Amino acid sequence: MAPPAPSRSPSLRSASTDAGNAKPRPRRSILAIALTALASAAVLLTGTTPALAEPTVAEIEQQIDTAWRKLEPVVEKHNATRQDLAAKKKQAAALQKKIAPLQSQIDAAMNRVSDFAVQAYKGDKASAVNALLTSKSPTALVGQLSVLDQFARQQQREVQAVVELKDKYASQKAPLDRLVSQLTKTEKELAAKKKEIDAEVERLQKLRIQAYGNGSAGPLRPAPCPATYPGGAAGKAVKFACAQIGKPYKWGAEGPGSYDCSGLTLAAWNQGGVSLPHNARAQRGQTASISRSALRPGDLVFYYADLSHVGMYVGDGWIVHASRAGEPIKMKRMDDGEIHSFGRPG
């Protein structure tokens, strides 16, 4: 009789059963961990990170708009200061022109007094005085001295009158000189600022080229310009503004080859015989306020709370404007921007 087969212990049977029922570990998770480790090692070795997505055209446009809203008020301030400085210097020059003849009168009077003094003590006059002093006639000597005294008094009165006039004009000119000095200082500061403005304009131009290449952001004349012809001075102004479409923006320019926003409206209305300052805020102050419903081609549309931008209404809800550096003069929808108010020149 064969001996009975040896029995397995419960622990061995359990281990064998578990081994037979065990499932293989998922290979995907191991592979993902390995790839992540390799990617991390590559970053450490090369020092590079995955490339970020390029900004879209809309994002670039938003960057340009935001930067230009900060820059345009600086440009308009420069225009206003430069124009104010020119006006004050003109006033100072006019006063100086009035003062110059007075100074000549003073110089002539002082020369006469000096000549008299010199002649009294030198040359022929000295001999005449000596003769008087040695004269045997006291009456003649007193008479001559009286003449000399009267002449001296007359000269003194003449000089005093001219000095008083000169002081009057000088007192009027003094505050103007101080103002011109202040404006000149401001202009120098803005001139130094010009480099920063130009650098920012160049940066925005590069962004624009990045978005559009060397082309335009869209059609410059998407509608008839003007929509209707108003005639008169406004007709001349709006016709001129429409004719400038396509010309480049240049800050501080008022034509004929390029313009900034207030430079364009200034030049346009100059064709209609109306003089406007080279500053959007100042133009608002010199134009009659009108309602939106009263708008007609040639009227001015002012933008933003700080009145830093202006365009010309050309009808049917469109304006012509010099918008910003890198963009040519073009038409746009009037409501495409924060409207402040409307003005009518003339």
# chains A, B, ... in the order shown; residues from 1 in each chain; ligands from 1
call {"tool": "closest_atom_pairs", "arguments": {"of": "segment 154-259 of chain A", "to": "segment 60-81 of chain A", "cutoff": "7 Å", "atoms": "only C-alpha atoms", "output": "Markdown table"}}
result
| residue | atom | partner | partner_atom | distance |
| --- | --- | --- | --- | --- |
| A:Glu187 | CA | A:Thr81 | CA | 6.8 |
| A:Leu190 | CA | A:His78 | CA | 6.4 |
| A:Leu204 | CA | A:Ile64 | CA | 6.1 |
| A:Leu207 | CA | A:Ile60 | CA | 6.7 |
| A:Ala211 | CA | A:Ile60 | CA | 6.6 |
| A:Trp251 | CA | A:Val75 | CA | 6.5 |
| A:Gly252 | CA | A:Asn79 | CA | 6.1 |
call {"tool": "atom_distance", "arguments": {"atom1": "atom CA of Ala241 of chain A", "atom2": "atom CA of Lys194 of chain A"}}
result
26.8 Å
call {"tool": "select_by_dssp", "arguments": {"residues": "segment 136-346 of chain A", "states": "strand (DSSP E)", "output": "list in words"}}
result
Ala288, Ser289, Leu300, Val301, Phe302, Tyr303, His309, Val310, Gly311, Met312, Tyr313, Val314, Gly315, Trp318, Ile319, Val320, His321, Lys330, Met331, Lys332, Arg333, Ile339, His340, Ser341, Phe342, Gly343 and Arg344 of chain A
call {"tool": "atom_distance", "arguments": {"atom1": "atom CA of Cys261 of chain A", "atom2": "atom CA of Val320 of chain A"}}
result
9.5 Å
call {"tool": "residues_around", "arguments": {"residues": "Ala253 of chain A", "least_positions_apart": "5", "cutoff": "6 Å", "atoms": "only C-alpha atoms", "output": "PyMOL selection string"}}
result
chain A and resi 259-260+263
call {"tool": "closest_residue", "arguments": {"among": "A:Arg296, A:Gln154, A:Lys98, A:Ser104", "to": "Lys168 of chain A", "atoms": "only C-alpha atoms"}}
result
A:Lys98
call {"tool": "select_by_dssp", "arguments": {"residues": "segment 135-293 of chain A", "states": "helix (DSSP H, G or I)", "output": "PyMOL selection string"}}
result
chain A and resi 138-212+232-243+261-271+280-286+292-293
call {"tool": "closest_residue", "arguments": {"among": "A:Ala92, A:Leu276, A:Ser341, A:Gly246", "to": "Pro219 of chain A", "atoms": "only C-alpha atoms"}}
result
A:Gly246
call {"tool": "closest_residue", "arguments": {"among": "A:Arg208, A:Arg292, A:His309, A:Lys173", "to": "Gly343 of chain A", "atoms": "only C-alpha atoms"}}
result
A:Arg292
call {"tool": "atom_distance", "arguments": {"atom1": "atom CA of Val274 of chain A", "atom2": "atom CA of Gly326 of chain A"}}
result
28.9 Å
call {"tool": "closest_residue", "arguments": {"among": "A:Glu59, A:Asp167, A:Asp149, A:Glu327", "to": "Lys247 of chain A", "atoms": "only C-alpha atoms"}}
result
A:Glu327
